[in-house]
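Trainee: This is the content of my_file35.tsv (TSV, N, CA and C atoms):
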chain	number	residue	atom	x	y	z
A	9	MET	N	-3.31	11.06	-12.65
A	9	MET	CA	-3.04	10.70	-11.27
A	9	MET	C	-3.44	9.26	-10.97
A	10	LYS	N	-4.30	8.70	-11.80
A	10	LYS	CA	-4.72	7.32	-11.56
A	10	LYS	C	-3.52	6.38	-11.62
A	11	ARG	N	-2.58	6.65	-12.52
A	11	ARG	CA	-1.37	5.82	-12.59
A	11	ARG	C	-0.54	5.94	-11.31
A	12	HIS	N	-0.47	7.15	-10.76
A	12	HIS	CA	0.28	7.35	-9.53
A	12	HIS	C	-0.38	6.61	-8.36
A	13	VAL	N	-1.71	6.64	-8.32
A	13	VAL	CA	-2.43	5.92	-7.26
A	13	VAL	C	-2.18	4.42	-7.38
A	14	THR	N	-2.21	3.91	-8.62
A	14	THR	CA	-1.94	2.49	-8.85
A	14	THR	C	-0.51	2.13	-8.43
A	15	LEU	N	0.45	2.98	-8.83
A	15	LEU	CA	1.84	2.73	-8.44
A	15	LEU	C	2.00	2.77	-6.93
A	16	LEU	N	1.34	3.72	-6.29
A	16	LEU	CA	1.41	3.83	-4.83
A	16	LEU	C	0.85	2.57	-4.17
A	17	GLY	N	-0.26	2.06	-4.69
A	17	GLY	CA	-0.82	0.82	-4.16
A	17	GLY	C	0.15	-0.34	-4.30
A	18	ILE	N	0.79	-0.44	-5.45
A	18	ILE	CA	1.78	-1.51	-5.68
A	18	ILE	C	2.96	-1.35	-4.72
A	19	LEU	N	3.42	-0.11	-4.54
A	19	LEU	CA	4.55	0.14	-3.63
A	19	LEU	C	4.21	-0.23	-2.19
A	20	TYR	N	2.99	0.10	-1.76
A	20	TYR	CA	2.58	-0.27	-0.40
A	20	TYR	C	2.55	-1.79	-0.24
A	21	ILE	N	1.98	-2.47	-1.20
A	21	ILE	CA	1.91	-3.93	-1.11
A	21	ILE	C	3.31	-4.54	-1.14
A	22	ALA	N	4.13	-4.12	-2.10
A	22	ALA	CA	5.47	-4.70	-2.25
A	22	ALA	C	6.35	-4.44	-1.03
A	23	SER	N	6.36	-3.21	-0.55
A	23	SER	CA	7.23	-2.90	0.59
A	23	SER	C	6.79	-3.64	1.85
A	24	ASN	N	5.51	-3.82	2.02
A	24	ASN	CA	5.04	-4.52	3.21
A	24	ASN	C	5.18	-6.03	3.09
A	25	ILE	N	5.14	-6.56	1.88
A	25	ILE	CA	5.42	-7.99	1.70
A	25	ILE	C	6.89	-8.26	2.01
A	26	VAL	N	7.77	-7.34	1.66
A	26	VAL	CA	9.19	-7.48	2.03
A	26	VAL	C	9.32	-7.50	3.55
A	27	GLY	N	8.62	-6.61	4.23
A	27	GLY	CA	8.64	-6.60	5.69
A	27	GLY	C	8.09	-7.88	6.29
A	28	LEU	N	7.04	-8.41	5.68
A	28	LEU	CA	6.47	-9.68	6.13
A	28	LEU	C	7.48	-10.81	5.95
A	29	GLY	N	8.16	-10.81	4.82
A	29	GLY	CA	9.20	-11.81	4.56
A	29	GLY	C	10.34	-11.70	5.56
A	30	ALA	N	10.69	-10.47	5.95
A	30	ALA	CA	11.74	-10.28	6.94
A	30	ALA	C	11.33	-10.88	8.28
A	31	GLY	N	10.08	-10.72	8.66
A	31	GLY	CA	9.60	-11.31	9.90
A	31	GLY	C	9.66	-12.82	9.88
A	32	ILE	N	9.28	-13.40	8.77
A	32	ILE	CA	9.35	-14.86	8.63
A	32	ILE	C	10.80	-15.34	8.65
A	33	LEU	N	11.68	-14.59	8.00
A	33	LEU	CA	13.10	-14.94	7.99
A	33	LEU	C	13.69	-14.88	9.39
A	34	ILE	N	13.36	-13.84	10.15
A	34	ILE	CA	13.86	-13.74	11.53
A	34	ILE	C	13.36	-14.90	12.37
A	35	PHE	N	12.10	-15.26	12.23
A	35	PHE	CA	11.56	-16.41	12.96
A	35	PHE	C	12.33	-17.68	12.61
A	36	THR	N	12.56	-17.89	11.32
A	36	THR	CA	13.26	-19.09	10.86
A	36	THR	C	14.69	-19.14	11.39
A	37	ILE	N	15.38	-18.01	11.33
A	37	ILE	CA	16.77	-17.96	11.80
A	37	ILE	C	16.84	-18.23	13.30
A	38	LEU	N	15.98	-17.59	14.07
A	38	LEU	CA	16.02	-17.78	15.52
A	38	LEU	C	15.63	-19.20	15.92
A	39	SER	N	14.62	-19.74	15.27
A	39	SER	CA	14.22	-21.12	15.57
A	39	SER	C	15.33	-22.09	15.20
A	40	SER	N	15.96	-21.88	14.06
A	40	SER	CA	17.06	-22.76	13.63
A	40	SER	C	18.25	-22.65	14.57
A	41	ALA	N	18.56	-21.43	15.03
A	41	ALA	CA	19.67	-21.25	15.96
A	41	ALA	C	19.39	-21.98	17.26
A	42	GLY	N	18.14	-21.94	17.70
A	42	GLY	CA	17.78	-22.67	18.91
A	42	GLY	C	17.95	-24.16	18.74
A	43	LEU	N	17.54	-24.69	17.58
A	43	LEU	CA	17.70	-26.12	17.31
A	43	LEU	C	19.17	-26.51	17.23
A	44	LEU	N	19.97	-25.67	16.61
A	44	LEU	CA	21.40	-25.97	16.48
A	44	LEU	C	22.12	-25.94	17.81
A	45	SER	N	21.62	-25.17	18.76
A	45	SER	CA	22.27	-25.09	20.07
A	45	SER	C	22.15	-26.41	20.82
A	46	GLY	N	21.05	-27.11	20.61
A	46	GLY	CA	20.84	-28.38	21.30
A	46	GLY	C	20.36	-28.22	22.73
A	47	ASP	N	20.33	-27.04	23.24
A	47	ASP	CA	19.89	-26.77	24.60
A	47	ASP	C	18.40	-26.45	24.58
A	48	GLU	N	17.61	-27.21	25.34
A	48	GLU	CA	16.15	-27.03	25.33
A	48	GLU	C	15.72	-25.64	25.81
A	49	GLU	N	16.43	-25.12	26.79
A	49	GLU	CA	16.08	-23.79	27.31
A	49	GLU	C	16.34	-22.71	26.25
A	50	VAL	N	17.47	-22.80	25.57
A	50	VAL	CA	17.79	-21.84	24.50
A	50	VAL	C	16.78	-21.98	23.36
A	51	MET	N	16.42	-23.23	23.02
A	51	MET	CA	15.43	-23.45	21.96
A	51	MET	C	14.11	-22.77	22.30
A	52	ALA	N	13.66	-22.93	23.54
A	52	ALA	CA	12.38	-22.36	23.96
A	52	ALA	C	12.43	-20.83	23.92
A	53	ILE	N	13.51	-20.26	24.45
A	53	ILE	CA	13.63	-18.79	24.49
A	53	ILE	C	13.68	-18.22	23.07
A	54	LEU	N	14.54	-18.79	22.20
A	54	LEU	CA	14.64	-18.28	20.84
A	54	LEU	C	13.36	-18.50	20.04
A	55	ASN	N	12.66	-19.57	20.31
A	55	ASN	CA	11.39	-19.82	19.64
A	55	ASN	C	10.34	-18.78	20.05
A	56	ILE	N	10.31	-18.44	21.33
A	56	ILE	CA	9.38	-17.42	21.81
A	56	ILE	C	9.72	-16.06	21.21
A	57	ILE	N	11.00	-15.69	21.23
A	57	ILE	CA	11.42	-14.41	20.66
A	57	ILE	C	11.10	-14.36	19.17
A	58	GLY	N	11.40	-15.44	18.45
A	58	GLY	CA	11.11	-15.50	17.02
A	58	GLY	C	9.63	-15.39	16.73
A	59	THR	N	8.81	-16.05	17.52
A	59	THR	CA	7.36	-16.00	17.34
A	59	THR	C	6.82	-14.60	17.59
A	60	VAL	N	7.26	-13.97	18.67
A	60	VAL	CA	6.81	-12.62	18.99
A	60	VAL	C	7.22	-11.65	17.89
A	61	MET	N	8.47	-11.77	17.41
A	61	MET	CA	8.94	-10.87	16.35
A	61	MET	C	8.19	-11.11	15.05
A	62	ALA	N	7.92	-12.35	14.72
A	62	ALA	CA	7.17	-12.66	13.49
A	62	ALA	C	5.78	-12.06	13.56
A	63	TRP	N	5.10	-12.21	14.69
A	63	TRP	CA	3.76	-11.64	14.84
A	63	TRP	C	3.81	-10.12	14.80
A	64	ALA	N	4.86	-9.54	15.38
A	64	ALA	CA	5.00	-8.08	15.34
A	64	ALA	C	5.13	-7.60	13.89
A	65	PHE	N	5.92	-8.31	13.09
A	65	PHE	CA	6.06	-7.95	11.68
A	65	PHE	C	4.74	-8.12	10.94
A	66	ILE	N	4.03	-9.18	11.24
A	66	ILE	CA	2.73	-9.41	10.58
A	66	ILE	C	1.77	-8.27	10.92
A	67	ILE	N	1.69	-7.91	12.18
A	67	ILE	CA	0.79	-6.85	12.62
A	67	ILE	C	1.18	-5.51	12.00
A	68	MET	N	2.49	-5.24	11.87
A	68	MET	CA	2.93	-3.97	11.31
A	68	MET	C	2.76	-3.89	9.80
A	69	THR	N	2.77	-5.02	9.10
A	69	THR	CA	2.70	-4.98	7.64
A	69	THR	C	1.28	-5.09	7.09
A	70	LEU	N	0.37	-5.67	7.83
A	70	LEU	CA	-0.99	-5.85	7.32
A	70	LEU	C	-1.69	-4.53	6.95
A	71	PRO	N	-1.55	-3.45	7.74
A	71	PRO	CA	-2.19	-2.21	7.32
A	71	PRO	C	-1.69	-1.70	5.96
A	72	GLY	N	-0.39	-1.81	5.70
A	72	GLY	CA	0.15	-1.37	4.42
A	72	GLY	C	-0.35	-2.20	3.25
A	73	ILE	N	-0.45	-3.50	3.46
A	73	ILE	CA	-0.97	-4.39	2.41
A	73	ILE	C	-2.44	-4.07	2.15
A	74	LEU	N	-3.21	-3.87	3.23
A	74	LEU	CA	-4.62	-3.52	3.08
A	74	LEU	C	-4.78	-2.18	2.37
A	75	CYS	N	-3.96	-1.21	2.73
A	75	CYS	CA	-4.03	0.11	2.09
A	75	CYS	C	-3.69	0.00	0.60
A	76	GLY	N	-2.65	-0.75	0.29
A	76	GLY	CA	-2.27	-0.94	-1.11
A	76	GLY	C	-3.39	-1.57	-1.92
A	77	TRP	N	-4.03	-2.57	-1.35
A	77	TRP	CA	-5.17	-3.21	-2.03
A	77	TRP	C	-6.29	-2.20	-2.25
A	78	GLY	N	-6.58	-1.41	-1.20
A	78	GLY	CA	-7.64	-0.40	-1.32
A	78	GLY	C	-7.32	0.65	-2.37
A	79	LEU	N	-6.06	1.05	-2.47
A	79	LEU	CA	-5.67	2.02	-3.49
A	79	LEU	C	-5.81	1.43	-4.89
A	80	LEU	N	-5.41	0.17	-5.04
A	80	LEU	CA	-5.54	-0.47	-6.35
A	80	LEU	C	-7.00	-0.59	-6.77
A	81	LYS	N	-7.89	-0.82	-5.81
A	81	LYS	CA	-9.32	-0.96	-6.10
A	81	LYS	C	-10.05	0.38	-6.06
A	82	MET	N	-9.29	1.47	-5.79
A	82	MET	CA	-9.85	2.82	-5.73
A	82	MET	C	-10.98	2.94	-4.69
A	83	LYS	N	-10.79	2.31	-3.56
A	83	LYS	CA	-11.76	2.39	-2.48
A	83	LYS	C	-11.65	3.77	-1.82
A	84	PRO	N	-12.76	4.44	-1.58
A	84	PRO	CA	-12.71	5.80	-1.01
A	84	PRO	C	-11.98	5.88	0.34
A	85	TRP	N	-12.09	4.87	1.19
A	85	TRP	CA	-11.42	4.89	2.48
A	85	TRP	C	-9.90	4.78	2.35
A	86	ALA	N	-9.42	4.25	1.23
A	86	ALA	CA	-7.98	4.00	1.06
A	86	ALA	C	-7.18	5.30	0.97
A	87	ARG	N	-7.79	6.36	0.48
A	87	ARG	CA	-7.07	7.63	0.36
A	87	ARG	C	-6.71	8.16	1.75
A	88	LEU	N	-7.66	8.20	2.66
A	88	LEU	CA	-7.38	8.67	4.03
A	88	LEU	C	-6.41	7.72	4.73
A	89	PHE	N	-6.62	6.43	4.56
A	89	PHE	CA	-5.73	5.43	5.15
A	89	PHE	C	-4.31	5.61	4.63
A	90	GLY	N	-4.16	5.86	3.32
A	90	GLY	CA	-2.85	6.08	2.71
A	90	GLY	C	-2.19	7.35	3.24
A	91	LEU	N	-2.98	8.39	3.49
A	91	LEU	CA	-2.43	9.61	4.07
A	91	LEU	C	-1.90	9.37	5.48
A	92	ILE	N	-2.64	8.62	6.26
A	92	ILE	CA	-2.21	8.30	7.63
A	92	ILE	C	-0.92	7.48	7.59
A	93	LEU	N	-0.90	6.44	6.77
A	93	LEU	CA	0.31	5.61	6.66
A	93	LEU	C	1.47	6.41	6.07
A	94	GLY	N	1.17	7.34	5.16
A	94	GLY	CA	2.21	8.18	4.58
A	94	GLY	C	2.91	9.02	5.64
A	95	VAL	N	2.14	9.60	6.54
A	95	VAL	CA	2.72	10.40	7.63
A	95	VAL	C	3.54	9.51	8.55
A	96	ILE	N	3.04	8.34	8.89
A	96	ILE	CA	3.78	7.41	9.75
A	96	ILE	C	5.07	6.98	9.07
A	97	ASN	N	5.01	6.72	7.76
A	97	ASN	CA	6.19	6.28	7.02
A	97	ASN	C	7.28	7.33	6.95
A	98	LEU	N	6.94	8.60	7.11
A	98	LEU	CA	7.96	9.65	7.05
A	98	LEU	C	9.09	9.41	8.06
A	99	PHE	N	8.78	8.73	9.15
A	99	PHE	CA	9.77	8.48	10.20
A	99	PHE	C	10.57	7.21	9.97
A	100	ASN	N	10.27	6.47	8.92
A	100	ASN	CA	10.95	5.21	8.61
A	100	ASN	C	12.02	5.48	7.55
A	101	ILE	N	13.17	5.98	8.01
A	101	ILE	CA	14.24	6.42	7.12
A	101	ILE	C	14.97	5.21	6.56
A	102	PRO	N	15.37	5.17	5.30
A	102	PRO	CA	15.20	6.13	4.22
A	102	PRO	C	14.04	5.77	3.30
A	103	PHE	N	13.72	4.49	3.16
A	103	PHE	CA	12.72	4.08	2.17
A	103	PHE	C	11.31	4.50	2.55
A	104	GLY	N	10.99	4.39	3.83
A	104	GLY	CA	9.68	4.80	4.30
A	104	GLY	C	9.46	6.29	4.11
A	105	THR	N	10.54	7.07	4.30
A	105	THR	CA	10.44	8.51	4.10
A	105	THR	C	10.07	8.82	2.65
A	106	ALA	N	10.74	8.15	1.73
A	106	ALA	CA	10.45	8.35	0.30
A	106	ALA	C	9.00	7.94	-0.01
A	107	LEU	N	8.57	6.80	0.53
A	107	LEU	CA	7.21	6.35	0.31
A	107	LEU	C	6.21	7.31	0.94
A	108	GLY	N	6.53	7.83	2.12
A	108	GLY	CA	5.66	8.79	2.79
A	108	GLY	C	5.51	10.08	2.00
A	109	ILE	N	6.62	10.60	1.49
A	109	ILE	CA	6.57	11.83	0.69
A	109	ILE	C	5.76	11.60	-0.58
A	110	TYR	N	6.00	10.48	-1.24
A	110	TYR	CA	5.26	10.16	-2.46
A	110	TYR	C	3.77	10.00	-2.16
A	111	SER	N	3.46	9.34	-1.04
A	111	SER	CA	2.05	9.16	-0.63
A	111	SER	C	1.36	10.50	-0.45
A	112	LEU	N	2.01	11.39	0.27
A	112	LEU	CA	1.41	12.70	0.52
A	112	LEU	C	1.26	13.49	-0.78
A	113	TRP	N	2.27	13.42	-1.63
A	113	TRP	CA	2.20	14.15	-2.90
A	113	TRP	C	1.04	13.64	-3.75
A	114	VAL	N	0.92	12.32	-3.87
A	114	VAL	CA	-0.13	11.74	-4.71
A	114	VAL	C	-1.51	11.97	-4.10
A	115	LEU	N	-1.67	11.66	-2.83
A	115	LEU	CA	-3.00	11.62	-2.23
A	115	LEU	C	-3.55	12.99	-1.83
A	116	LEU	N	-2.71	14.02	-1.80
A	116	LEU	CA	-3.19	15.36	-1.48
A	116	LEU	C	-3.50	16.20	-2.71
A	117	LYS	N	-3.19	15.69	-3.89
A	117	LYS	CA	-3.50	16.42	-5.13
A	117	LYS	C	-5.01	16.53	-5.31
A	118	GLU	N	-5.46	17.69	-5.78
A	118	GLU	CA	-6.90	17.90	-6.00
A	118	GLU	C	-7.46	16.89	-7.00
A	119	GLU	N	-6.68	16.55	-8.01
A	119	GLU	CA	-7.13	15.57	-9.01
A	119	GLU	C	-7.37	14.21	-8.37
A	120	THR	N	-6.52	13.84	-7.41
A	120	THR	CA	-6.69	12.57	-6.72
A	120	THR	C	-7.94	12.60	-5.83
A	121	VAL	N	-8.17	13.73	-5.17
A	121	VAL	CA	-9.36	13.87	-4.33
A	121	VAL	C	-10.61	13.66	-5.18
A	122	ARG	N	-10.64	14.30	-6.35
A	122	ARG	CA	-11.79	14.14	-7.25
A	122	ARG	C	-11.90	12.70	-7.75
A	123	LEU	N	-10.75	12.08	-8.02
A	123	LEU	CA	-10.74	10.70	-8.50
A	123	LEU	C	-11.40	9.77	-7.49
A	124	PHE	N	-11.09	9.97	-6.21
A	124	PHE	CA	-11.68	9.13	-5.18
A	124	PHE	C	-13.13	9.51	-4.91
A	125	ASP	N	-13.48	10.77	-5.07
A	125	ASP	CA	-14.88	11.17	-4.92
A	125	ASP	C	-15.75	10.54	-5.99
A	126	ASP	N	-15.19	10.37	-7.20
A	126	ASP	CA	-15.93	9.76	-8.30
A	126	ASP	C	-16.23	8.29	-8.05
A	127	THR	N	-15.49	7.65	-7.14
A	127	THR	CA	-15.69	6.22	-6.90
A	127	THR	C	-16.68	5.95	-5.78
A	128	LYS	N	-17.18	6.99	-5.13
A	128	LYS	CA	-18.13	6.80	-4.03
A	128	LYS	C	-19.45	6.27	-4.58
A	129	PRO	N	-20.08	5.34	-3.87
A	129	PRO	CA	-21.38	4.84	-4.31
A	129	PRO	C	-22.40	5.97	-4.36
A	130	GLY	N	-23.22	5.97	-5.40
A	130	GLY	CA	-24.26	6.96	-5.53
A	130	GLY	C	-23.79	8.27	-6.13
A	131	PHE	N	-22.53	8.35	-6.55
A	131	PHE	CA	-22.03	9.58	-7.14
A	131	PHE	C	-22.67	9.80	-8.50
A	132	GLN	N	-23.15	10.99	-8.72
A	132	GLN	CA	-23.73	11.35	-10.00
A	132	GLN	C	-22.84	12.42	-10.64
A	133	PRO	N	-22.24	12.14	-11.79
A	133	PRO	CA	-21.40	13.16	-12.43
A	133	PRO	C	-22.17	14.45	-12.61
A	134	GLY	N	-21.54	15.56	-12.23
A	134	GLY	CA	-22.16	16.87	-12.38
A	134	GLY	C	-22.98	17.28	-11.16
A	135	SER	N	-23.18	16.36	-10.20
A	135	SER	CA	-23.97	16.72	-9.02
A	135	SER	C	-23.08	17.47	-8.02
A	136	VAL	N	-23.71	18.26	-7.19
A	136	VAL	CA	-22.99	19.02	-6.17
A	136	VAL	C	-22.98	18.16	-4.90
A	137	PRO	N	-21.78	17.87	-4.37
A	137	PRO	CA	-21.73	17.05	-3.14
A	137	PRO	C	-22.26	17.79	-1.93
In structure tokens, what does this structure look like?
Mentor:
Amino acid sequence: MKRHVTLLGILYIASNIVGLGAGILIFTILSSAGLLSGDEEVMAILNIIGTVMAWAFIIMTLPGILCGWGLLKMKPWARLFGLILGVINLFNIPFGTALGIYSLWVLLKEETVRLFDDTKPGFQPGSVP
């Protein structure tokens, strides 16, 4: 299951970097369209819309990137965070749904639960939690 957790971390990072890139692209397109119009009012409006959309994309993608990093580093909090994002992703059809199903499948497995329990500070193999 460790390979699946690693793959899931990579998928979270990659998919959210794509989303981040989309936000930057939208900002660039809107700002460029405003400049091409030559109208100061249109430039200001499109620049504001582009900025708001870019920040919205940044805010929406940072949790996924953080979760992916946590999964790659096997941080105990990343499993719960990944489950929450997995449920949210189920509504993002079609790719988010696939990622959400895979997240739930990987992170709800008993082997994965034990894997993350083993990474907790102070864990002693063979001890009863």
Trainee: Smallest atom-to-atom distance to Met68 in chain A: which of A:Ser39, A:Asn55, A:Asn24, A:Ser111, using only N, CA and C atoms?
Mentor: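 So, comparing all the options, the nearest one is A:Asn24.
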Trainee: From the DSSP assignment of the backbone, select every residue of chain A that is alpha helix (DSSP H), and format the answer as a PyMOL selection string.
Mentor: chain A and resi 10-45+48-80+84-97+103-115+118-125
Trainee: Find the residues near Leu116 in chain A: any atom within 10 Å, counting only C-alpha atoms, skip ones fewer than 6 places away on the same chain, and give them as a list in words.
Mentor: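 Result of the neighbour search: Arg87, Leu88, Leu91 and Tyr110 of chain A.
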Trainee: Mind checking which residues fall within 8 Å of Lys10 in chain A, counting only N, CA and C atoms, ignoring those fewer than 6 positions away in the same chain, and posting them as a CSV table (one decimal) with N, CA and C atoms, keeping the file's coordinate frame?
Mentor:
chain,number,residue,atom,x,y,z
A,16,LEU,N,1.3,3.7,-6.3
A,16,LEU,CA,1.4,3.8,-4.8
A,16,LEU,C,0.8,2.6,-4.2
A,119,GLU,N,-6.7,16.6,-8.0
A,119,GLU,CA,-7.1,15.6,-9.0
A,119,GLU,C,-7.4,14.2,-8.4
A,120,THR,N,-6.5,13.8,-7.4
A,120,THR,CA,-6.7,12.6,-6.7
A,120,THR,C,-7.9,12.6,-5.8
A,123,LEU,N,-10.8,12.1,-8.0
A,123,LEU,CA,-10.7,10.7,-8.5
A,123,LEU,C,-11.4,9.8,-7.5
Trainee: With all atoms listed in the file as the atoms that count, which of A:Leu44, A:Ile101, A:Val50, A:Ile73 lies nearest to Ala22 in chain A?
Mentor: A:Ile73
Trainee: Rounded to one decimal in Å, what is the spacing between atom N of Trp85 in chain A and CA of Val121 in chain A?
Mentor: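 Distance reported for this atom pair: 10.9 Å.
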Trainee: If you count all atoms listed in the file, which residues fall within 8 Å of range 11-13 of chain A, apart from same-chain ones fewer than 6 positions away, as an MDAnalysis selection string?
Mentor: chainID A and resid 19 79:82 114:115 120
